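A.B. asks: query27.pdb is reproduced in full below (PDB, C-alpha atoms).
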```
ATOM      1  CA  MET A   1     338.284  53.644 278.206
ATOM      2  CA  ARG A   2     338.474  51.816 281.528
ATOM      3  CA  PRO A   3     340.302  48.495 281.152
ATOM      4  CA  PRO A   4     338.283  45.531 282.425
ATOM      5  CA  PRO A   5     339.468  43.764 285.558
ATOM      6  CA  PRO A   6     341.365  40.487 285.077
ATOM      7  CA  PRO A   7     339.349  37.249 285.256
ATOM      8  CA  SER A   8     341.007  36.500 288.598
ATOM      9  CA  GLN A   9     338.796  39.250 290.060
ATOM     10  CA  LEU A  10     335.603  37.364 289.213
ATOM     11  CA  PRO A  11     334.630  36.752 292.897
ATOM     12  CA  ARG A  12     334.310  40.521 293.337
ATOM     13  CA  TYR A  13     331.551  40.587 290.703
ATOM     14  CA  PRO A  14     329.169  37.757 291.570
ATOM     15  CA  VAL A  15     326.298  39.089 289.442
ATOM     16  CA  VAL A  16     328.217  39.792 286.247
ATOM     17  CA  GLY A  17     330.661  36.941 286.679
ATOM     18  CA  GLY A  18     327.931  34.492 287.616
ATOM     19  CA  LEU A  19     325.857  35.471 284.587
ATOM     20  CA  ALA A  20     328.866  35.102 282.295
ATOM     21  CA  LEU A  21     329.664  31.635 283.658
ATOM     22  CA  LEU A  22     326.022  30.572 283.406
ATOM     23  CA  ALA A  23     325.814  31.728 279.791
ATOM     24  CA  ILE A  24     329.011  29.839 278.958
ATOM     25  CA  ALA A  25     327.788  26.670 280.680
ATOM     26  CA  VAL A  26     324.354  26.720 279.007
ATOM     27  CA  THR A  27     325.880  27.423 275.597
ATOM     28  CA  LEU A  28     328.445  24.617 275.887
ATOM     29  CA  ALA A  29     325.704  22.232 276.989
ATOM     30  CA  LYS A  30     323.633  23.301 273.990
ATOM     31  CA  TRP A  31     326.530  22.771 271.597
ATOM     32  CA  GLY A  32     327.291  19.390 273.101
ATOM     33  CA  GLU A  33     323.622  18.391 272.771
ATOM     34  CA  HIS A  34     323.662  17.306 276.411
ATOM     35  CA  VAL A  35     320.822  19.628 277.418
ATOM     36  CA  ASP A  36     317.622  20.584 275.645
ATOM     37  CA  VAL A  37     317.591  24.390 275.892
ATOM     38  CA  ARG A  38     314.260  24.854 274.130
ATOM     39  CA  PRO A  39     312.438  25.405 277.457
ATOM     40  CA  LEU A  40     314.713  28.430 277.975
ATOM     41  CA  VAL A  41     314.164  30.235 274.676
ATOM     42  CA  LEU A  42     311.363  31.949 272.800
ATOM     43  CA  VAL A  43     310.186  29.613 270.050
ATOM     44  CA  GLU A  44     307.306  29.685 267.600
ATOM     45  CA  GLU A  45     304.872  27.560 269.599
ATOM     46  CA  VAL A  46     305.257  29.608 272.791
ATOM     47  CA  ILE A  47     302.286  31.670 273.898
ATOM     48  CA  LEU A  48     303.705  33.713 276.757
ATOM     49  CA  ARG A  49     300.398  34.488 278.370
ATOM     50  CA  HIS A  50     300.092  30.804 279.261
ATOM     51  CA  GLY A  51     302.639  31.445 281.974
ATOM     52  CA  GLN A  52     306.070  30.841 280.455
ATOM     53  CA  TRP A  53     307.283  34.354 281.187
ATOM     54  CA  TRP A  54     310.660  33.133 282.459
ATOM     55  CA  ARG A  55     311.714  32.680 278.833
ATOM     56  CA  LEU A  56     312.100  36.453 278.482
ATOM     57  CA  LEU A  57     315.024  36.144 280.907
ATOM     58  CA  THR A  58     316.460  32.700 280.209
ATOM     59  CA  THR A  59     316.654  33.267 276.460
ATOM     60  CA  ILE A  60     319.743  35.434 277.085
ATOM     61  CA  LEU A  61     321.788  32.404 278.209
ATOM     62  CA  PRO A  62     322.313  30.202 275.108
ATOM     63  CA  HIS A  63     324.374  31.513 272.181
ATOM     64  CA  GLY A  64     324.566  30.434 268.582
ATOM     65  CA  SER A  65     328.282  30.490 267.789
ATOM     66  CA  PRO A  66     331.687  30.931 269.452
ATOM     67  CA  MET A  67     331.939  34.506 268.117
ATOM     68  CA  HIS A  68     328.481  35.291 269.478
ATOM     69  CA  LEU A  69     329.386  33.955 272.914
ATOM     70  CA  VAL A  70     332.839  35.560 273.137
ATOM     71  CA  PHE A  71     331.631  38.976 271.964
ATOM     72  CA  ASN A  72     328.717  39.087 274.389
ATOM     73  CA  VAL A  73     330.569  37.738 277.414
ATOM     74  CA  TYR A  74     333.497  40.073 276.814
ATOM     75  CA  TRP A  75     331.368  43.221 276.730
ATOM     76  CA  LEU A  76     329.255  42.022 279.635
ATOM     77  CA  TRP A  77     332.469  41.807 281.617
ATOM     78  CA  VAL A  78     333.822  45.162 280.394
ATOM     79  CA  PHE A  79     330.637  47.119 281.059
ATOM     80  CA  GLY A  80     329.008  45.059 283.772
ATOM     81  CA  THR A  81     331.923  45.029 286.199
ATOM     82  CA  LEU A  82     331.985  48.835 286.261
ATOM     83  CA  VAL A  83     328.241  48.955 286.894
ATOM     84  CA  GLU A  84     328.557  46.407 289.695
ATOM     85  CA  GLU A  85     331.431  48.357 291.267
ATOM     86  CA  GLU A  86     329.443  51.572 291.394
ATOM     87  CA  PHE A  87     325.876  50.374 291.991
ATOM     88  CA  GLY A  88     326.393  47.191 294.001
ATOM     89  CA  HIS A  89     325.243  43.648 293.455
ATOM     90  CA  ALA A  90     321.488  43.995 294.012
ATOM     91  CA  ARG A  91     321.034  47.029 291.782
ATOM     92  CA  THR A  92     323.191  45.499 289.075
ATOM     93  CA  LEU A  93     321.026  42.399 289.117
ATOM     94  CA  GLY A  94     317.922  44.569 288.760
ATOM     95  CA  ILE A  95     319.464  46.494 285.852
ATOM     96  CA  ILE A  96     320.409  43.296 284.025
ATOM     97  CA  LEU A  97     316.959  41.776 284.539
ATOM     98  CA  LEU A  98     315.377  44.976 283.191
ATOM     99  CA  PHE A  99     317.545  44.961 280.075
ATOM    100  CA  ALA A 100     317.010  41.222 279.541
ATOM    101  CA  ALA A 101     313.227  41.297 279.868
ATOM    102  CA  GLY A 102     312.714  44.539 277.967
ATOM    103  CA  SER A 103     314.950  43.716 275.005
ATOM    104  CA  SER A 104     313.774  40.094 274.730
ATOM    105  CA  ALA A 105     310.118  41.106 274.893
ATOM    106  CA  ALA A 106     310.499  43.814 272.244
ATOM    107  CA  ASP A 107     312.315  41.461 269.887
ATOM    108  CA  TYR A 108     309.802  38.649 270.345
ATOM    109  CA  ALA A 109     306.863  41.011 269.933
ATOM    110  CA  LEU A 110     308.096  42.536 266.680
ATOM    111  CA  SER A 111     310.362  39.827 265.277
ATOM    112  CA  TYR A 112     311.211  36.160 265.878
ATOM    113  CA  GLY A 113     312.801  36.313 269.326
ATOM    114  CA  GLY A 114     316.533  35.831 269.725
ATOM    115  CA  ILE A 115     319.069  34.249 272.021
ATOM    116  CA  GLY A 116     322.125  35.607 273.752
ATOM    117  CA  LEU A 117     323.258  38.525 275.867
ATOM    118  CA  SER A 118     323.272  41.101 273.070
ATOM    119  CA  GLY A 119     320.259  43.029 274.390
ATOM    120  CA  VAL A 120     321.862  43.212 277.838
ATOM    121  CA  GLY A 121     325.181  44.265 276.296
ATOM    122  CA  TYR A 122     323.577  47.068 274.314
ATOM    123  CA  GLY A 123     321.650  48.080 277.426
ATOM    124  CA  LEU A 124     324.859  48.401 279.443
ATOM    125  CA  PHE A 125     326.459  50.257 276.548
ATOM    126  CA  GLY A 126     323.587  52.759 276.392
ATOM    127  CA  LEU A 127     323.613  53.200 280.159
ATOM    128  CA  LEU A 128     327.342  53.884 280.387
ATOM    129  CA  TRP A 129     327.384  56.069 277.272
ATOM    130  CA  VAL A 130     324.883  58.431 278.922
ATOM    131  CA  LEU A 131     326.476  58.260 282.374
ATOM    132  CA  SER A 132     329.935  58.943 280.932
ATOM    133  CA  ARG A 133     328.605  62.308 279.746
ATOM    134  CA  TYR A 134     326.960  63.383 282.997
ATOM    135  CA  ASP A 135     328.427  61.488 285.952
ATOM    136  CA  PRO A 136     332.106  61.964 286.930
ATOM    137  CA  ARG A 137     332.247  58.404 288.270
ATOM    138  CA  PHE A 138     331.880  57.100 284.725
ATOM    139  CA  ARG A 139     334.197  59.442 282.832
ATOM    140  CA  GLY A 140     335.884  57.453 280.079
ATOM    141  CA  ALA A 141     333.671  54.409 280.585
ATOM    142  CA  VAL A 142     332.773  54.480 276.884
ATOM    143  CA  ASP A 143     335.161  56.133 274.437
ATOM    144  CA  GLN A 144     334.418  57.333 270.918
ATOM    145  CA  GLY A 145     335.886  54.225 269.329
ATOM    146  CA  THR A 146     333.524  51.992 271.301
ATOM    147  CA  VAL A 147     330.556  54.176 270.351
ATOM    148  CA  LEU A 148     331.498  53.916 266.676
ATOM    149  CA  MET A 149     331.983  50.145 266.926
ATOM    150  CA  PHE A 150     328.638  49.478 268.611
ATOM    151  CA  THR A 151     326.854  51.786 266.180
ATOM    152  CA  ALA A 152     328.508  50.211 263.132
ATOM    153  CA  TRP A 153     327.801  46.708 264.414
ATOM    154  CA  PHE A 154     324.154  47.593 264.964
ATOM    155  CA  PHE A 155     323.658  48.682 261.353
ATOM    156  CA  LEU A 156     325.843  45.908 259.938
ATOM    157  CA  CYS A 157     323.678  43.331 261.733
ATOM    158  CA  ILE A 158     320.580  44.827 260.128
ATOM    159  CA  VAL A 159     322.190  44.453 256.700
ATOM    160  CA  LEU A 160     323.304  40.880 257.453
ATOM    161  CA  THR A 161     319.792  39.960 258.562
ATOM    162  CA  TYR A 162     318.130  41.641 255.574
ATOM    163  CA  THR A 163     320.443  39.864 253.095
ATOM    164  CA  GLY A 164     319.966  36.517 254.823
ATOM    165  CA  SER A 165     323.673  36.195 255.680
ATOM    166  CA  MET A 166     323.022  35.971 259.420
ATOM    167  CA  ASN A 167     319.932  36.151 261.595
ATOM    168  CA  VAL A 168     320.401  38.732 264.338
ATOM    169  CA  ALA A 169     318.035  39.949 267.049
ATOM    170  CA  ASN A 170     318.253  43.547 265.858
ATOM    171  CA  VAL A 171     315.189  44.686 267.791
ATOM    172  CA  ALA A 172     316.821  43.428 270.998
ATOM    173  CA  HIS A 173     319.927  45.484 270.214
ATOM    174  CA  GLY A 174     317.911  48.645 269.649
ATOM    175  CA  ALA A 175     315.558  48.105 272.576
ATOM    176  CA  GLY A 176     318.458  47.363 274.911
ATOM    177  CA  ALA A 177     320.266  50.543 273.887
ATOM    178  CA  LEU A 178     317.103  52.620 274.383
ATOM    179  CA  LEU A 179     316.459  51.108 277.796
ATOM    180  CA  GLY A 180     320.042  51.714 278.850
ATOM    181  CA  ALA A 181     320.064  55.310 277.642
ATOM    182  CA  ALA A 182     316.738  56.060 279.347
ATOM    183  CA  LEU A 183     317.956  54.558 282.605
ATOM    184  CA  GLY A 184     321.176  56.558 282.333
ATOM    185  CA  VAL A 185     319.267  59.831 281.965
ATOM    186  CA  ALA A 186     316.957  58.879 284.846
ATOM    187  CA  ILE A 187     319.999  58.276 287.075
ATOM    188  CA  ALA A 188     322.025  61.290 285.982
ATOM    189  CA  ARG A 189     319.318  63.963 285.693
ATOM    190  CA  ARG A 190     317.510  64.129 289.002
ATOM    191  CA  ARG A 191     314.959  66.703 287.885
ATOM    192  CA  GLN A 192     313.949  64.520 284.949
ATOM    193  CA  ARG A 193     313.999  61.240 286.881
ATOM    194  CA  ALA A 194     310.230  60.905 287.184
ATOM    195  CA  PHE A 195     309.700  61.453 283.466
ATOM    196  CA  TRP A 196     312.424  59.098 282.279
ATOM    197  CA  GLY A 197     311.634  56.509 284.925
ATOM    198  CA  GLY A 198     308.014  56.546 283.809
ATOM    199  CA  ALA A 199     309.037  56.263 280.156
ATOM    200  CA  LEU A 200     311.286  53.334 281.018
ATOM    201  CA  ALA A 201     308.512  51.534 282.898
ATOM    202  CA  LEU A 202     305.985  52.230 280.143
ATOM    203  CA  PHE A 203     308.266  50.964 277.384
ATOM    204  CA  THR A 204     309.085  47.786 279.289
ATOM    205  CA  ALA A 205     305.457  47.094 280.198
ATOM    206  CA  ALA A 206     304.316  47.732 276.629
ATOM    207  CA  SER A 207     306.995  45.403 275.249
ATOM    208  CA  VAL A 208     306.075  42.600 277.647
ATOM    209  CA  ALA A 209     302.351  43.058 276.929
ATOM    210  CA  ALA A 210     302.982  43.038 273.176
ATOM    211  CA  ALA A 211     305.087  39.884 273.465
ATOM    212  CA  GLY A 212     302.455  38.095 275.530
ATOM    213  CA  TYR A 213     299.145  39.391 274.224
ATOM    214  CA  GLY A 214     299.656  41.531 271.146
ATOM    215  CA  ARG A 215     302.093  39.589 268.998
ATOM    216  CA  GLN A 216     299.356  38.528 266.589
ATOM    217  CA  TYR A 217     298.749  42.221 265.868
ATOM    218  CA  VAL A 218     302.170  43.899 266.004
ATOM    219  CA  ASN A 219     304.672  41.333 264.735
ATOM    220  CA  VAL A 220     306.140  42.412 261.390
ATOM    221  CA  THR A 221     307.599  39.058 260.268
ATOM    222  CA  ARG A 222     306.280  35.649 259.262
ATOM    223  CA  ALA A 223     306.312  34.806 262.961
ATOM    224  CA  ARG A 224     302.944  36.551 263.132
ATOM    225  CA  GLY A 225     301.580  33.701 261.039
ATOM    226  CA  GLU A 226     302.960  31.141 263.489
ATOM    227  CA  GLU A 227     301.378  32.983 266.410
ATOM    228  CA  LEU A 228     298.002  33.154 264.688
ATOM    229  CA  ALA A 229     298.198  29.495 263.715
ATOM    230  CA  GLN A 230     298.862  28.479 267.313
ATOM    231  CA  LEU A 231     296.001  30.630 268.588
ATOM    232  CA  GLY A 232     293.741  29.164 265.891
ATOM    233  CA  LEU A 233     294.615  25.645 267.005
ATOM    234  CA  GLU A 234     293.705  26.547 270.585
ATOM    235  CA  ASP A 235     290.357  27.875 269.351
ATOM    236  CA  LEU A 236     289.747  24.614 267.485
ATOM    237  CA  VAL A 237     290.518  22.486 270.515
ATOM    238  CA  ALA A 238     288.104  24.624 272.567
ATOM    239  CA  GLY A 239     285.376  24.314 269.931
ATOM    240  CA  ARG A 240     285.495  27.974 268.885
ATOM    241  CA  ASN A 241     285.323  27.169 265.198
ATOM    242  CA  ALA A 242     284.484  30.560 263.700
ATOM    243  CA  PRO A 243     287.313  32.426 265.497
ATOM    244  CA  ALA A 244     289.614  29.525 264.624
ATOM    245  CA  ALA A 245     288.797  29.795 260.938
ATOM    246  CA  SER A 246     289.358  33.551 261.014
ATOM    247  CA  ARG A 247     292.731  33.309 262.745
ATOM    248  CA  LEU A 248     293.926  30.394 260.636
ATOM    249  CA  ALA A 249     292.915  32.112 257.401
ATOM    250  CA  GLU A 250     294.971  35.135 258.443
ATOM    251  CA  ALA A 251     297.840  32.854 259.487
ATOM    252  CA  VAL A 252     298.133  31.278 256.039
ATOM    253  CA  ARG A 253     297.737  34.672 254.410
ATOM    254  CA  VAL A 254     300.776  35.888 256.342
ATOM    255  CA  ASP A 255     302.743  32.675 255.728
ATOM    256  CA  ASP A 256     301.204  30.189 253.313
ATOM    257  CA  ARG A 257     303.955  27.607 253.873
ATOM    258  CA  GLN A 258     302.514  26.332 257.170
ATOM    259  CA  SER A 259     301.071  22.961 256.256
ATOM    260  CA  TRP A 260     299.661  22.355 259.740
ATOM    261  CA  ALA A 261     297.884  25.736 259.663
ATOM    262  CA  TRP A 262     296.281  24.851 256.313
ATOM    263  CA  PHE A 263     295.209  21.497 257.726
ATOM    264  CA  ASN A 264     293.622  23.064 260.792
ATOM    265  CA  LEU A 265     291.947  25.666 258.604
ATOM    266  CA  GLY A 266     290.393  22.748 256.711
ATOM    267  CA  VAL A 267     289.161  21.291 259.995
ATOM    268  CA  ALA A 268     287.625  24.611 261.023
ATOM    269  CA  ARG A 269     285.884  25.094 257.692
ATOM    270  CA  GLU A 270     284.631  21.542 257.703
ATOM    271  CA  ARG A 271     283.085  22.075 261.124
ATOM    272  CA  LEU A 272     281.452  25.260 259.848
ATOM    273  CA  GLY A 273     279.791  23.350 257.008
ATOM    274  CA  GLN A 274     282.038  24.621 254.216
ATOM    275  CA  PRO A 275     283.132  21.403 252.455
ATOM    276  CA  ALA A 276     284.559  23.027 249.314
ATOM    277  CA  GLU A 277     286.701  25.448 251.306
ATOM    278  CA  ALA A 278     287.742  22.648 253.647
ATOM    279  CA  ARG A 279     288.850  20.454 250.741
ATOM    280  CA  ALA A 280     290.911  23.282 249.268
ATOM    281  CA  ALA A 281     292.674  23.810 252.593
ATOM    282  CA  PHE A 282     293.364  20.082 253.029
ATOM    283  CA  GLU A 283     294.721  19.867 249.494
ATOM    284  CA  ARG A 284     297.069  22.781 250.157
ATOM    285  CA  ALA A 285     298.335  21.057 253.320
ATOM    286  CA  ALA A 286     298.932  17.848 251.361
ATOM    287  CA  ASP A 287     300.749  19.754 248.603
ATOM    288  CA  LEU A 288     303.065  21.342 251.155
ATOM    289  CA  GLU A 289     303.731  18.060 252.965
ATOM    290  CA  PRO A 290     303.113  15.238 250.467
ATOM    291  CA  GLY A 291     304.688  12.674 252.773
ATOM    292  CA  SER A 292     301.941  13.045 255.385
ATOM    293  CA  PRO A 293     299.334  10.261 255.183
ATOM    294  CA  LYS A 294     297.060  12.297 257.452
ATOM    295  CA  TYR A 295     297.045  15.272 255.112
ATOM    296  CA  ARG A 296     296.605  13.124 252.012
ATOM    297  CA  ALA A 297     293.697  11.259 253.583
ATOM    298  CA  ALA A 298     292.018  14.509 254.647
ATOM    299  CA  ALA A 299     292.396  15.946 251.160
ATOM    300  CA  GLY A 300     290.615  12.905 249.758
ATOM    301  CA  ARG A 301     287.547  13.127 251.983
ATOM    302  CA  THR A 302     285.669  15.873 253.747
ATOM    303  CA  SER A 303     282.409  14.125 254.522
ATOM    304  CA  GLN A 304     283.786  12.704 257.782
ATOM    305  CA  GLN A 305     285.215  15.231 260.190
ATOM    306  CA  VAL A 306     288.863  14.943 261.173
ATOM    307  CA  ALA A 307     290.619  16.078 264.328
ATOM    308  CA  PRO A 308     292.885  19.129 264.380
ATOM    309  CA  GLY A 309     296.598  18.666 264.660
TER     310      GLY A 309
END
```
Kindly present the structure from the file in C-alpha cells form.
C.D. replies:
Amino acid sequence: MRPPPPPSQLPRYPVVGGLALLAIAVTLAKWGEHVDVRPLVLVEEVILRHGQWWRLLTTILPHGSPMHLVFNVYWLWVFGTLVEEEFGHARTLGIILLFAAGSSAADYALSYGGIGLSGVGYGLFGLLWVLSRYDPRFRGAVDQGTVLMFTAWFFLCIVLTYTGSMNVANVAHGAGALLGAALGVAIARRRQRAFWGGALALFTAASVAAAGYGRQYVNVTRARGEELAQLGLEDLVAGRNAPAASRLAEAVRVDDRQSWAWFNLGVARERLGQPAEARAAFERAADLEPGSPKYRAAAGRTSQQVAPG
C-alpha cells in the first residue's frame, strides 16, 4: 500500500489538507464549546427543503471523539492525497463534495444523520479499491489488509449501533462506499461510463430528494416521528388543521415519547372540534413532561383553544 506523504507536504494538497485542517478546527471549537456547530449539522428540527442544503456538506466537519477525528483525518490524508496527485485539485474537490453530499443525504434520509468525514473516507476507499484493480496508476493503493479492515469496521459499527454501544452513521459508510465504487468503475471502464455515471447521478439525486422531501416516508428510525411532528407543527401554524392532525397522529405512533408532538396533536384535534381526543392528547403530553405548566394547564381545559408550540 502506498505510504502517505509526510505532513510537511500539506501545501501540495490544498484540498485534502485544507479539509483536514478545517475538520480539526471545527471539532476542537465544538469540544471547547467556543462555537455552536448546530447550524452545520443535520438535526431533528431541520427541514432541508426550507433551504438549509449546506448542512449536507458541513455536517462532515465536526467529530464526536478524538478516535473519530484521528481515524477519519488519517484515512482522508492516506487516500485523498493520492486522488489529488492524480486528478488535480478541482476534480478532487468535486469528488469530495459528491461523497459528502451523497453519503450525508442517504444517512439523513434513512437514519438520524451523522457527523464526521466517515462517508467521504469510505467513498475514497471504494474509489481507490476499484481503481487499484483496473488502473495502473493506482496499483497497490488499497491492499488486502485495508480492504479487510474497512469491511470489518463497517460491520462492527452496525453491531455497535444495534447494541446501543455507539451511534454510528452506518448508512453514510455504505452510501459512501457505493458512490466511490461506482465512480471508480465510471472512470476505469470507458465503455460503461455513461451507465455508471448515470447510476451515480441518479443515486445522489434520489438521496438528496429523500433527505429533503421524502424523509417522512422513507426514514426507518424514530427520526421519522420527529420529521412528521415538525411538518405537523408547520401545518398547524398555517391553519391546515386536518393535515396537521394526520401527521401528528402518525408522529406519535412512530415515537410516542414526543411530548410536544402530543401537545400539538391536542391543539389540532381541539381546532377540529374533537374535545375528547384533544384532552387525551394533552394529558399524554403532561404525563410525559409533568414539569410543564403549559401542558398541565392544557390537560385541564379544552374549552378554550391554546396555541401550538
A.B. asks: I need the output of the PyMOL selection byres ((chain A and resi 276) around 12) for this file as a PDB file with C-alpha atoms, in the frame of the given file; which residues are they?
C.D. replies:
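Final file, selection-v2.pdb:
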```pdb
ATOM      1  CA  GLY A 266     290.393  22.748 256.711  1.00  0.00           C
ATOM      2  CA  VAL A 267     289.161  21.291 259.995  1.00  0.00           C
ATOM      3  CA  ARG A 269     285.884  25.094 257.692  1.00  0.00           C
ATOM      4  CA  GLU A 270     284.631  21.542 257.703  1.00  0.00           C
ATOM      5  CA  ARG A 271     283.085  22.075 261.124  1.00  0.00           C
ATOM      6  CA  LEU A 272     281.452  25.260 259.848  1.00  0.00           C
ATOM      7  CA  GLY A 273     279.791  23.350 257.008  1.00  0.00           C
ATOM      8  CA  GLN A 274     282.038  24.621 254.216  1.00  0.00           C
ATOM      9  CA  PRO A 275     283.132  21.403 252.455  1.00  0.00           C
ATOM     10  CA  GLU A 277     286.701  25.448 251.306  1.00  0.00           C
ATOM     11  CA  ALA A 278     287.742  22.648 253.647  1.00  0.00           C
ATOM     12  CA  ARG A 279     288.850  20.454 250.741  1.00  0.00           C
ATOM     13  CA  ALA A 280     290.911  23.282 249.268  1.00  0.00           C
ATOM     14  CA  ALA A 281     292.674  23.810 252.593  1.00  0.00           C
ATOM     15  CA  PHE A 282     293.364  20.082 253.029  1.00  0.00           C
ATOM     16  CA  GLU A 283     294.721  19.867 249.494  1.00  0.00           C
ATOM     17  CA  ALA A 299     292.396  15.946 251.160  1.00  0.00           C
ATOM     18  CA  GLY A 300     290.615  12.905 249.758  1.00  0.00           C
ATOM     19  CA  ARG A 301     287.547  13.127 251.983  1.00  0.00           C
ATOM     20  CA  THR A 302     285.669  15.873 253.747  1.00  0.00           C
ATOM     21  CA  SER A 303     282.409  14.125 254.522  1.00  0.00           C
TER      22      SER A 303
END
```
A.B. asks: If the PyMOL selection byres ((chain A and resi 10) around 12) is run on the structure shown, which residues does it catch, given as number ranges by chain?
C.D. replies: A: 4-9, 11-21, 77-78, 80-81, 84-85
A.B. asks: Nearest to A:Ala209: which of A:Leu28, A:Leu48, A:Leu231, A:Val37 is it, counting only C-alpha atoms?
C.D. replies: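 Using only C-alpha atoms, the shortest distance to A:Ala209 belongs to A:Leu48.
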A.B. asks: Between A:Pro39, A:Gly212, A:Ala181, A:Pro308, which is the closest to A:Leu233 once you count only C-alpha atoms?
C.D. replies: A:Pro308
A.B. asks: Could you work out how far atom CA of A:Val208 lies from atom CA of A:Ala249, giving the answer in Å with one decimal?
C.D. replies: 26.3 Å
A.B. asks: Going by the chain IDs and residue numbers used in this file, which residues fall under the PyMOL selection byres ((chain A and resi 250) around 10)? Write them as a ChimeraX atom specification.
C.D. replies: /A:216,224-225,228-229,232,244-249,251-256,261,265
A.B. asks: What is the distance between atom CA of A:Leu69 and atom CA of A:Thr151, in Å to one decimal?
C.D. replies: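 Result for atom CA of A:Leu69 versus atom CA of A:Thr151: 19.2 Å, one decimal.
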A.B. asks: Excluding A:Ser292 and its own-chain neighbours fewer than 5 positions away, which residues fall within 12 Å of it when counting all atoms listed in the file? Please give them as an MDAnalysis selection string.
C.D. replies: chainID A and resid 259:260 263 282:283 285:287 297:299
A.B. asks: Let's have the selection written as a short mmCIF file (atom, residue, chain, number, x, y, z; two decimals), keeping the file's coordinate frame, with C-alpha atoms.
C.D. replies:
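Full text of again_15.cif as output:
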```
data_model
loop_
_atom_site.label_atom_id
_atom_site.label_comp_id
_atom_site.auth_asym_id
_atom_site.auth_seq_id
_atom_site.Cartn_x
_atom_site.Cartn_y
_atom_site.Cartn_z
CA SER A 259 301.07 22.96 256.26
CA TRP A 260 299.66 22.36 259.74
CA PHE A 263 295.21 21.50 257.73
CA PHE A 282 293.36 20.08 253.03
CA GLU A 283 294.72 19.87 249.49
CA ALA A 285 298.33 21.06 253.32
CA ALA A 286 298.93 17.85 251.36
CA ASP A 287 300.75 19.75 248.60
CA ALA A 297 293.70 11.26 253.58
CA ALA A 298 292.02 14.51 254.65
CA ALA A 299 292.40 15.95 251.16
#
```
A.B. asks: Write out as a VMD selection string the residues lying within 12 Å of A:Leu131, counting all atoms listed in the file and excluding same-chain residues fewer than 3 positions away.
C.D. replies: chain A and resid 79 82 to 83 86 124 to 128 134 to 143 180 to 189
A.B. asks: In terms of the shortest atom-to-atom distance over all atoms listed in the file, which of A:Ala268, A:Leu93, A:Leu117, A:Ala105 is closest to A:Thr27?
C.D. replies: A:Leu117
A.B. asks: Around all listed atoms of stretch 99-103 of chain A, padded 3 Å per side, what centre and edge lengths does the axis-aligned box have in Å to one decimal, as lines of an AutoDock Vina configuration file?
C.D. replies:
```
center_x = 315.1
center_y = 43.1
center_z = 277.5
size_x = 10.8
size_y = 9.7
size_z = 11.1
```
A.B. asks: I'd like the neighbourhood of A:Phe203 as a list of chain:residue names, where a residue qualifies if any of its atoms comes within 10 Å (using all atoms listed in the file), though same-chain residues fewer than 6 positions away should be ignored.
C.D. replies: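 Neighbouring residues, sequence-local ones excluded: A:Gly102, A:Ala106, A:Ala175, A:Leu178, A:Leu179, A:Gly197, A:Ala209.
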A.B. asks: Could you give me, as a list in words, the residues within 10 Å of A:Ile47, counting all atoms listed in the file and dropping anything in the same chain fewer than 6 positions from it?
C.D. replies: Trp53, Ala211, Gly212, Tyr213, Arg215, Glu227, Gln230 and Leu231 of chain A
